[in-house]
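J.: Sending over query11.csv (CSV, C-alpha atoms).
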```csv
chain,number,residue,atom,x,y,z
C,31,MET,CA,-15.8,33.4,3.2
C,32,ASN,CA,-12.4,35.0,2.8
C,33,LEU,CA,-9.9,32.5,4.2
C,34,GLU,CA,-7.2,35.2,4.6
C,35,ALA,CA,-9.5,37.1,6.8
C,36,VAL,CA,-10.3,33.9,8.8
C,37,ARG,CA,-6.5,33.3,9.1
C,38,ALA,CA,-6.0,36.8,10.5
C,39,PHE,CA,-8.8,36.2,13.0
C,40,VAL,CA,-7.3,33.0,14.2
C,41,ALA,CA,-3.8,34.6,14.5
C,42,VAL,CA,-5.1,37.5,16.6
C,43,ALA,CA,-7.2,35.2,18.7
C,44,GLU,CA,-4.2,33.0,19.5
C,45,GLU,CA,-1.6,35.8,19.9
C,46,GLY,CA,-3.8,38.4,21.6
C,47,GLN,CA,-2.3,41.3,19.8
C,48,PHE,CA,-2.6,42.7,16.3
C,49,GLN,CA,1.1,43.5,16.0
C,50,ILE,CA,2.2,40.0,16.8
C,51,ALA,CA,-0.4,38.5,14.5
C,52,ALA,CA,0.7,40.8,11.7
C,53,SER,CA,4.3,39.7,12.2
C,54,GLN,CA,3.3,36.1,12.1
C,55,LEU,CA,1.3,36.5,8.9
C,56,ALA,CA,4.1,38.7,7.3
C,57,ILE,CA,1.6,41.5,6.6
C,58,SER,CA,1.1,45.0,8.1
C,59,GLN,CA,-1.0,45.6,11.2
C,60,GLN,CA,-3.3,47.8,9.1
C,61,ALA,CA,-3.9,44.8,6.7
C,62,VAL,CA,-4.8,42.7,9.7
C,63,SER,CA,-7.3,45.3,10.9
C,64,LYS,CA,-8.9,45.6,7.4
C,65,ARG,CA,-9.3,41.8,7.1
C,66,LEU,CA,-10.9,41.6,10.5
C,67,ALA,CA,-13.2,44.5,9.8
C,68,ARG,CA,-14.3,42.8,6.5
C,69,LEU,CA,-14.9,39.5,8.4
C,70,GLU,CA,-17.0,41.1,11.1
C,71,THR,CA,-19.0,42.9,8.4
C,72,ASP,CA,-19.6,39.6,6.5
C,73,LEU,CA,-20.6,37.8,9.7
C,74,GLY,CA,-22.6,40.8,11.1
C,75,VAL,CA,-21.1,40.5,14.6
C,76,ARG,CA,-18.1,41.8,16.6
C,77,LEU,CA,-15.4,39.2,17.1
C,78,PHE,CA,-13.1,41.1,19.5
C,79,HIS,CA,-13.1,43.6,22.3
C,80,ARG,CA,-10.2,45.9,21.6
C,81,SER,CA,-8.3,47.8,24.3
C,82,ALA,CA,-4.8,49.3,24.8
C,83,GLY,CA,-3.7,46.1,26.4
C,84,GLY,CA,-4.6,43.9,23.5
C,85,THR,CA,-7.7,42.1,22.3
C,86,GLU,CA,-10.2,39.6,23.8
C,87,LEU,CA,-12.7,37.5,22.0
C,88,THR,CA,-16.4,38.4,22.3
C,89,ILE,CA,-18.9,35.7,22.9
C,90,ASP,CA,-19.5,35.5,19.2
C,91,GLY,CA,-15.7,35.4,18.6
C,92,GLN,CA,-15.4,32.4,21.0
C,93,ALA,CA,-18.2,30.6,19.2
C,94,PHE,CA,-16.6,31.3,15.8
C,95,LEU,CA,-13.0,30.3,16.7
C,96,PRO,CA,-13.3,26.5,16.6
C,97,HIS,CA,-15.1,26.7,13.2
C,98,ALA,CA,-12.5,29.1,11.9
C,99,ARG,CA,-9.7,26.7,12.8
C,100,GLU,CA,-11.6,23.9,11.1
C,101,LEU,CA,-11.9,26.1,7.9
C,102,LEU,CA,-8.2,26.5,7.8
C,103,SER,CA,-7.6,22.8,8.5
C,104,ALA,CA,-10.0,21.9,5.7
C,105,GLU,CA,-8.0,24.3,3.4
C,106,GLN,CA,-4.8,22.5,4.3
C,107,ARG,CA,-6.3,19.1,3.7
C,108,ALA,CA,-7.6,20.2,0.4
C,109,ALA,CA,-4.2,21.4,-0.7
C,110,ASP,CA,-2.4,18.3,0.6
C,111,SER,CA,-4.8,16.1,-1.3
C,112,VAL,CA,-3.3,17.2,-4.6
C,113,ARG,CA,0.3,17.9,-3.7
C,114,PRO,CA,2.7,15.1,-4.6
C,115,GLY,CA,4.3,13.8,-1.4
C,116,GLN,CA,1.4,15.1,0.7
C,117,ARG,CA,-1.5,13.1,-0.7
C,118,ALA,CA,-1.7,9.3,-0.9
C,119,LEU,CA,-0.3,7.4,-3.9
C,120,ARG,CA,-3.4,6.3,-5.9
C,121,LEU,CA,-2.9,2.8,-7.2
C,122,ASP,CA,-5.4,1.1,-9.5
C,123,ILE,CA,-5.9,-2.5,-8.7
C,124,MET,CA,-8.5,-4.7,-10.3
C,125,THR,CA,-9.4,-6.6,-7.1
C,126,SER,CA,-7.9,-7.1,-3.6
C,127,ARG,CA,-7.5,-10.9,-4.3
C,128,THR,CA,-5.0,-10.8,-7.1
C,129,ALA,CA,-1.2,-10.6,-7.6
C,130,PRO,CA,-1.0,-6.8,-7.8
C,131,ALA,CA,-2.8,-6.4,-4.5
C,132,VAL,CA,-0.2,-8.9,-2.9
C,133,VAL,CA,2.6,-6.7,-4.3
C,134,ALA,CA,1.0,-3.5,-3.1
C,135,GLN,CA,0.6,-5.1,0.4
C,136,ALA,CA,4.2,-6.2,0.5
C,137,PHE,CA,5.3,-2.7,-0.6
C,138,TYR,CA,3.3,-1.1,2.2
C,139,HIS,CA,4.8,-3.4,4.8
C,140,ALA,CA,8.3,-2.4,3.5
C,141,HIS,CA,7.3,1.3,3.5
C,142,PRO,CA,4.6,1.8,6.2
C,143,ASP,CA,5.2,5.5,6.2
C,144,ILE,CA,3.8,5.8,2.6
C,145,GLU,CA,0.1,6.3,2.4
C,146,LEU,CA,-1.6,4.3,-0.3
C,147,ASP,CA,-5.0,4.7,-1.8
C,148,LEU,CA,-6.0,1.4,-3.5
C,149,VAL,CA,-8.8,2.0,-5.9
C,150,ARG,CA,-10.6,0.0,-8.6
C,151,ILE,CA,-11.2,2.6,-11.2
C,152,ALA,CA,-10.6,0.9,-14.6
C,153,ASP,CA,-11.9,-2.3,-16.1
C,154,SER,CA,-9.4,-2.4,-18.9
C,155,ALA,CA,-5.9,-1.2,-19.8
C,156,GLN,CA,-7.2,1.5,-22.0
C,157,ALA,CA,-9.4,2.8,-19.2
C,158,ALA,CA,-6.4,2.7,-16.9
C,159,ILE,CA,-4.3,4.6,-19.4
C,160,ALA,CA,-7.0,7.2,-19.8
C,161,ALA,CA,-7.3,7.6,-16.0
C,162,ILE,CA,-3.5,8.0,-15.7
C,163,GLU,CA,-3.5,10.6,-18.5
C,164,ALA,CA,-6.3,12.5,-16.7
C,165,GLY,CA,-4.5,12.4,-13.4
C,166,THR,CA,-7.3,10.4,-11.7
C,167,ILE,CA,-4.8,7.7,-10.6
C,168,ASP,CA,-1.0,7.6,-10.3
C,169,ALA,CA,-0.4,4.1,-11.6
C,170,SER,CA,-2.0,0.8,-12.5
C,171,PHE,CA,-1.0,-2.8,-12.8
C,172,ARG,CA,-1.7,-4.1,-16.3
C,173,ALA,CA,-0.6,-6.6,-18.9
C,174,VAL,CA,0.7,-4.4,-21.7
C,175,GLY,CA,1.6,-5.0,-25.3
C,176,SER,CA,-1.6,-6.5,-26.7
C,177,PRO,CA,-3.8,-4.5,-29.2
C,178,ALA,CA,-5.9,-3.6,-26.2
C,179,SER,CA,-3.1,-2.3,-24.1
C,180,ARG,CA,-0.6,-0.5,-26.3
C,181,LEU,CA,0.9,2.4,-24.4
C,182,PRO,CA,1.0,6.0,-25.6
C,183,ALA,CA,4.5,7.7,-25.7
C,184,GLU,CA,3.9,9.5,-22.4
C,185,ILE,CA,3.0,6.3,-20.5
C,186,ASP,CA,5.9,4.3,-19.1
C,187,ALA,CA,5.9,0.7,-17.9
C,188,MET,CA,8.0,-1.8,-16.0
C,189,PRO,CA,7.7,-5.4,-14.9
C,190,ALA,CA,5.8,-5.8,-11.6
C,191,VAL,CA,4.8,-9.4,-11.0
C,192,ASP,CA,4.4,-12.5,-13.1
C,193,ASP,CA,1.5,-14.7,-12.0
C,194,ALA,CA,1.7,-18.4,-12.7
C,195,HIS,CA,-1.5,-20.1,-13.4
C,196,GLN,CA,-2.9,-23.0,-11.4
C,197,LEU,CA,-5.8,-25.3,-12.2
C,198,LEU,CA,-8.7,-24.8,-9.7
C,199,VAL,CA,-11.1,-27.7,-9.5
C,200,GLY,CA,-13.6,-29.3,-7.1
C,201,PRO,CA,-13.1,-32.8,-5.5
C,202,ALA,CA,-15.2,-34.6,-8.2
C,203,HIS,CA,-13.1,-33.4,-11.1
C,204,PRO,CA,-11.1,-36.1,-12.9
C,205,LEU,CA,-7.8,-34.1,-12.3
C,206,ALA,CA,-8.5,-33.4,-8.6
C,207,ALA,CA,-6.0,-36.0,-7.4
C,208,ALA,CA,-3.1,-34.8,-9.6
C,209,ARG,CA,-0.1,-33.2,-7.9
C,210,SER,CA,0.6,-31.2,-11.1
C,211,VAL,CA,-0.8,-31.1,-14.7
C,212,THR,CA,0.7,-30.3,-18.1
C,213,MET,CA,-0.8,-28.2,-20.7
C,214,ALA,CA,-1.3,-31.2,-22.9
C,215,GLU,CA,-3.4,-32.8,-20.1
C,216,LEU,CA,-5.7,-29.8,-20.2
C,217,VAL,CA,-6.6,-30.3,-23.8
C,218,GLY,CA,-10.3,-31.3,-23.9
C,219,GLN,CA,-11.0,-30.1,-20.4
C,220,ARG,CA,-13.7,-27.5,-19.9
C,221,ILE,CA,-12.0,-24.4,-18.5
C,222,TRP,CA,-14.6,-21.9,-17.3
C,223,MET,CA,-13.6,-18.2,-17.2
C,224,PRO,CA,-16.8,-16.2,-16.8
C,225,GLY,CA,-17.0,-12.4,-16.9
C,226,MET,CA,-14.4,-11.7,-19.6
C,227,LEU,CA,-14.6,-8.2,-20.9
C,228,PRO,CA,-14.5,-8.6,-24.7
C,229,GLY,CA,-11.4,-7.0,-26.2
C,230,SER,CA,-9.7,-6.5,-22.9
C,231,GLU,CA,-6.1,-7.4,-22.3
C,232,TRP,CA,-7.0,-10.5,-20.3
C,233,ASP,CA,-9.6,-11.6,-22.8
C,234,ILE,CA,-6.9,-11.4,-25.5
C,235,TYR,CA,-4.5,-13.2,-23.2
C,236,TYR,CA,-6.8,-16.2,-22.7
C,237,TYR,CA,-7.7,-16.3,-26.3
C,238,ASP,CA,-4.0,-16.5,-27.2
C,239,LEU,CA,-3.4,-19.2,-24.5
C,240,ALA,CA,-6.3,-21.3,-25.8
C,241,ASP,CA,-5.1,-20.9,-29.4
C,242,ALA,CA,-1.5,-21.8,-28.5
C,243,PHE,CA,-2.3,-25.1,-26.8
C,244,GLY,CA,-5.7,-26.1,-28.2
C,245,LEU,CA,-7.6,-25.5,-25.0
C,246,THR,CA,-11.3,-25.1,-24.5
C,247,ILE,CA,-11.8,-21.9,-22.5
C,248,GLU,CA,-15.5,-21.1,-22.0
C,249,ARG,CA,-16.5,-17.5,-21.3
C,250,VAL,CA,-20.2,-18.3,-20.8
C,251,GLY,CA,-22.2,-16.1,-18.4
C,252,PRO,CA,-21.4,-13.1,-16.3
C,253,HIS,CA,-19.1,-13.2,-13.3
C,254,PHE,CA,-21.4,-13.3,-10.2
C,255,GLY,CA,-18.5,-13.1,-7.8
C,256,THR,CA,-15.9,-15.4,-6.2
C,257,GLU,CA,-18.4,-17.2,-4.0
C,258,HIS,CA,-20.6,-18.2,-7.0
C,259,LEU,CA,-17.5,-19.3,-8.9
C,260,LEU,CA,-16.4,-21.6,-6.1
C,261,ASP,CA,-19.9,-22.9,-5.6
C,262,VAL,CA,-20.1,-24.0,-9.2
C,263,LEU,CA,-16.6,-25.5,-9.3
C,264,HIS,CA,-17.2,-27.4,-6.0
C,265,GLU,CA,-20.3,-29.1,-7.4
C,266,SER,CA,-19.0,-29.8,-10.9
C,267,SER,CA,-17.2,-32.9,-12.1
C,268,THR,CA,-16.4,-31.3,-15.5
C,269,LEU,CA,-15.6,-27.6,-15.0
C,270,ALA,CA,-12.2,-26.1,-14.1
C,271,ASN,CA,-10.8,-22.6,-13.7
C,272,LEU,CA,-7.4,-21.0,-14.2
C,273,ALA,CA,-6.4,-19.1,-11.1
C,274,GLY,CA,-3.3,-17.1,-10.5
C,275,GLU,CA,-1.0,-18.6,-7.9
C,276,HIS,CA,-1.1,-15.3,-6.0
C,277,THR,CA,-4.9,-15.0,-6.2
C,278,ARG,CA,-6.4,-15.5,-2.8
C,279,TYR,CA,-9.6,-17.6,-2.5
C,280,LEU,CA,-11.4,-18.7,0.7
C,281,TRP,CA,-13.9,-21.5,0.7
C,282,PRO,CA,-15.6,-23.7,3.3
C,283,ALA,CA,-13.4,-26.7,4.4
C,284,HIS,CA,-16.0,-29.2,3.2
C,285,TYR,CA,-15.6,-27.8,-0.4
C,286,ASP,CA,-12.2,-29.6,-0.5
C,287,MET,CA,-11.1,-27.5,-3.5
C,288,ARG,CA,-7.8,-28.3,-5.3
C,289,ARG,CA,-5.2,-25.8,-6.6
C,290,ILE,CA,-2.9,-27.8,-9.0
C,291,PRO,CA,0.3,-26.4,-10.5
C,292,ILE,CA,0.5,-26.3,-14.3
C,293,GLN,CA,3.8,-27.3,-15.9
C,294,ASN,CA,5.5,-27.9,-19.2
C,295,PRO,CA,5.0,-25.0,-19.8
C,296,THR,CA,3.6,-22.9,-16.9
C,297,PRO,CA,1.4,-20.1,-18.3
C,298,ILE,CA,2.3,-16.7,-16.9
C,299,TYR,CA,0.1,-13.6,-16.7
C,300,PRO,CA,2.6,-10.7,-16.9
C,301,HIS,CA,1.6,-7.7,-14.8
C,302,SER,CA,3.4,-4.4,-15.4
C,303,LEU,CA,3.2,-1.2,-13.5
C,304,ILE,CA,2.2,1.7,-15.8
C,305,TRP,CA,2.4,5.4,-15.0
C,306,HIS,CA,2.7,8.9,-16.6
C,307,ARG,CA,6.4,9.8,-17.1
C,308,ASP,CA,5.7,13.4,-15.9
C,309,ASN,CA,4.3,12.2,-12.5
C,310,THR,CA,6.6,13.4,-9.8
C,311,HIS,CA,5.0,11.8,-6.8
C,312,PRO,CA,7.9,10.7,-4.6
C,313,ALA,CA,6.1,7.5,-3.5
C,314,LEU,CA,5.8,6.4,-7.1
C,315,ALA,CA,9.6,6.6,-7.5
C,316,THR,CA,9.9,4.5,-4.3
C,317,LEU,CA,7.5,1.9,-5.6
C,318,ARG,CA,9.4,1.7,-8.9
C,319,ASP,CA,12.7,1.2,-7.0
C,320,TYR,CA,11.0,-1.5,-4.8
C,321,LEU,CA,9.7,-3.4,-7.9
C,322,ASP,CA,13.1,-3.1,-9.6
C,323,ALA,CA,14.9,-4.5,-6.5
C,324,ARG,CA,12.6,-7.4,-5.7
C,325,THR,CA,14.3,-10.7,-5.1
C,326,THR,CA,13.1,-13.2,-7.7
C,327,ASP,CA,12.8,-16.9,-7.5
C,328,VAL,CA,14.9,-19.2,-9.6
C,329,PRO,CA,13.5,-18.8,-13.1
C,330,ARG,CA,11.2,-21.7,-14.1
C,331,ALA,CA,12.6,-24.1,-16.6
C,332,GLU,CA,9.7,-23.5,-19.0
C,333,VAL,CA,7.1,-20.8,-19.0
C,334,TRP,CA,4.6,-19.4,-21.5
C,335,THR,CA,3.7,-15.7,-22.0
C,336,PRO,CA,1.9,-14.2,-25.0
C,337,LYS,CA,4.1,-13.1,-27.9
C,338,TRP,CA,2.8,-9.5,-27.6
C,339,GLU,CA,4.0,-9.2,-24.1
C,340,GLY,CA,7.5,-8.4,-25.5
C,341,ARG,CA,9.5,-7.7,-22.4
C,342,THR,CA,12.0,-9.5,-20.2
C,343,ALA,CA,9.6,-10.5,-17.5
C,344,LEU,CA,10.3,-10.5,-13.8
C,345,ARG,CA,9.9,-14.1,-12.7
C,346,SER,CA,8.5,-14.0,-9.2
```
Could I get this file's structure written as structure tokens?
T.:
Amino acid sequence: MNLEAVRAFVAVAEEGQFQIAASQLAISQQAVSKRLARLETDLGVRLFHRSAGGTELTIDGQAFLPHARELLSAEQRAADSVRPGQRALRLDIMTSRTAPAVVAQAFYHAHPDIELDLVRIADSAQAAIAAIEAGTIDASFRAVGSPASRLPAEIDAMPAVDDAHQLLVGPAHPLAAARSVTMAELVGQRIWMPGMLPGSEWDIYYYDLADAFGLTIERVGPHFGTEHLLDVLHESSTLANLAGEHTRYLWPAHYDMRRIPIQNPTPIYPHSLIWHRDNTHPALATLRDYLDARTTDVPRAEVWTPKWEGRTALRS
């Protein structure tokens, strides 16, 4: 259906006169008549009664009018969905429980007028980069710099949030009563991190962490979800997990799980925001300004990040 003809129909229906509708549409009265004639031919009905005093909708015209308005509204929504500043800012976030989601939530509270579309579209940095290059997403939160997450020239990055690790254990674990633990105390402990995507940036991160401190990080089995992870840790006296301090977990009160800070040094997972340098979405610029201006905590005395991370990290 010709939307320009539909637009002419709605204009005449609302104004009641061809001349006023033509002026509103910035076309000639003859052009309005031709568009309406074509629309009536396509539909096989008359839409107006024409007289010297103006026009009135026929019964068919009255029936068609709400649908015509919806067609024009759908056209506008379709255009807005791809116009920077009109459509939502599409942010790729791995899960709603992790540090990037916390940052996105804080950004939304600071800028409630900005519409966000939080999606999980990529399982790795390379997949996120491909989605950014294809225009599927506007930006993603990723650890960059490893062999699995090197950025093409057209992709920019900036520090977003550094997530300190904590030890997550059940009440029967030998370290459950500790107020903090050191990396040296974790040597020999079974740290269970299921569901690692081989070759991903976080797989490389945990490999380097284990290698740097002589840790035993087990990647056995698929990740059946947070509930299953907490069930296993709750019942185990030997297994522990490394959880980001911003990662949100909920468990039954009787599980009595423990989150224990790690010190000397504190391992940090460095999240960056990545985006295409040609992306002109105004909300993306606002997000970058927000991240750049975030108030940081006093830097920790001793932290560890992988050597490939290679940036001055935002300590928060």
J.: Between C:Met223, C:Ala202, C:Leu121, C:Ala242, single out the one closest to Ala313 (chain C), counting all atoms listed in the file.
T.: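 So, comparing all the options, the nearest one is C:Leu121.
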J.: Give me the residues within 12 Å of Leu69 (chain C) as a PyMOL selection string, counting all atoms listed in the file and dropping any in the same chain fewer than 4 places off.
T.: chain C and resi 31-40+62-65+73-78+91+94+98
J.: Pick out the residues sitting within 12 Å of Ala155 (chain C), and hand them over as a PyMOL selection string; count only C-alpha atoms, and ignore anything fewer than 5 positions along from it in its own chain.
T.: chain C and resi 122-124+160-162+169-182+185+227+229-234+301-305
J.: Name the residues within 7 Å of (-0.2, -16.7, -8.1), counting all atoms listed in the file in the file's coordinates, and put them as number ranges by chain.
T.: C: 129, 193-195, 274-277
J.: Output C-alpha atoms for every residue in that selection, as an mmCIF file, in the coordinates of the input.
T.:
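Result saved to again.cif:
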```cif
data_model
loop_
_atom_site.group_PDB
_atom_site.id
_atom_site.type_symbol
_atom_site.label_atom_id
_atom_site.label_comp_id
_atom_site.auth_asym_id
_atom_site.auth_seq_id
_atom_site.Cartn_x
_atom_site.Cartn_y
_atom_site.Cartn_z
ATOM 1 C CA ALA C 129 -1.200 -10.600 -7.600
ATOM 2 C CA ASP C 193 1.500 -14.700 -12.000
ATOM 3 C CA ALA C 194 1.700 -18.400 -12.700
ATOM 4 C CA HIS C 195 -1.500 -20.100 -13.400
ATOM 5 C CA GLY C 274 -3.300 -17.100 -10.500
ATOM 6 C CA GLU C 275 -1.000 -18.600 -7.900
ATOM 7 C CA HIS C 276 -1.100 -15.300 -6.000
ATOM 8 C CA THR C 277 -4.900 -15.000 -6.200
#
```
J.: May I ask which of the residues C:Ala118, C:Ala61, C:Leu205, C:Ala43 is the closest one to Gln92 (chain C), counting only C-alpha atoms?
T.: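 Closest to Gln92 (chain C) of all the choices is C:Ala43.
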J.: Quick one: residues within 10 Å of (-1.1, -31.1, -20.1) (file frame), counting all atoms listed in the file, please, as a list in words.
T.: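 Residues close enough to count: Ser210, Val211, Thr212, Met213, Ala214, Glu215, Leu216, Val217, Gly218, Gln219, Phe243, Leu245, Ile292, Gln293, Asn294, Pro295 and Thr296 of chain C.
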J.: Can you tell me which residues surround Ala206 (chain C) at a distance of at most 10 Å, considering all atoms listed in the file, apart from same-chain residues fewer than 4 positions away, and format the answer as a compact mmCIF listing (two decimals) with C-alpha atoms, in the frame of the given file?
T.:
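Writing the result to part38.txt gives the following:
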```
# COMPACT_ATOMS: atom_id res chain seq x y z
CA LEU C 197 -5.80 -25.30 -12.20
CA LEU C 198 -8.70 -24.80 -9.70
CA VAL C 199 -11.10 -27.70 -9.50
CA GLY C 200 -13.60 -29.30 -7.10
CA PRO C 201 -13.10 -32.80 -5.50
CA ALA C 202 -15.20 -34.60 -8.20
CA SER C 210 0.60 -31.20 -11.10
CA SER C 267 -17.20 -32.90 -12.10
CA ALA C 270 -12.20 -26.10 -14.10
CA ASP C 286 -12.20 -29.60 -0.50
CA MET C 287 -11.10 -27.50 -3.50
CA ARG C 288 -7.80 -28.30 -5.30
CA ARG C 289 -5.20 -25.80 -6.60
CA ILE C 290 -2.90 -27.80 -9.00
```
J.: In Å, how far is it from CA of Leu321 (chain C) to CA of Leu239 (chain C)?
T.: 26.4 Å
J.: In Å, how far is it from CA of Ala190 (chain C) to CA of Ala273 (chain C)?
T.: 18.1 Å
J.: Expressed in Å to a single decimal, how great is the separation between CA of Ile298 (chain C) and CA of Gly255 (chain C)?
T.: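 Between CA of Ile298 (chain C) and CA of Gly255 (chain C) the gap works out to 23.0 Å.
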J.: So which one's closest to Pro291 (chain C), C:Arg324, C:His258, C:Lys337, C:Arg209? Using all atoms listed in the file, please.
T.: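 Selected residue with least distance to Pro291 (chain C): C:Arg209.
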J.: Enclose region 200-205 of chain C, meaning all of its atoms listed in the file, in a box aligned along x, y and z, pad it by 5 Å on each side, and list the centre and edge lengths in Å to one decimal, as lines of an AutoDock Vina configuration file.
T.:
```
center_x = -11.5
center_y = -32.7
center_z = -9.2
size_x = 17.4
size_y = 16.8
size_z = 17.4
```
J.: Taking only C-alpha atoms into account, which of C:Gly165, C:Pro130, C:Pro142, C:Pro96 comes nearest Thr310 (chain C)?
T.: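 Nearest to Thr310 (chain C): C:Gly165.
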J.: Which is closer to Glu339 (chain C) than all the others in C:Met188, C:Leu119, C:Ile144, C:Ala104, using all atoms listed in the file?
T.: C:Met188
J.: Env of region 44-46 of chain C: 7 Å cut, atoms = all atoms listed in the file, seq-sep filter 6 positions within chain, self excluded. Answer as a PDB file with C-alpha atoms, keeping the file's coordinate frame.
T.:
```
ATOM      1  CA  GLY C  84      -4.600  43.900  23.500  1.00  0.00           C
ATOM      2  CA  THR C  85      -7.700  42.100  22.300  1.00  0.00           C
ATOM      3  CA  GLU C  86     -10.200  39.600  23.800  1.00  0.00           C
TER       4      GLU C  86
END
```
J.: Considering all atoms listed in the file, can you say which of C:Val250, C:Gly225, C:His79, C:Glu105 comes closest to Asp153 (chain C)?
T.: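 The answer is C:Gly225, which sits nearest to Asp153 (chain C).
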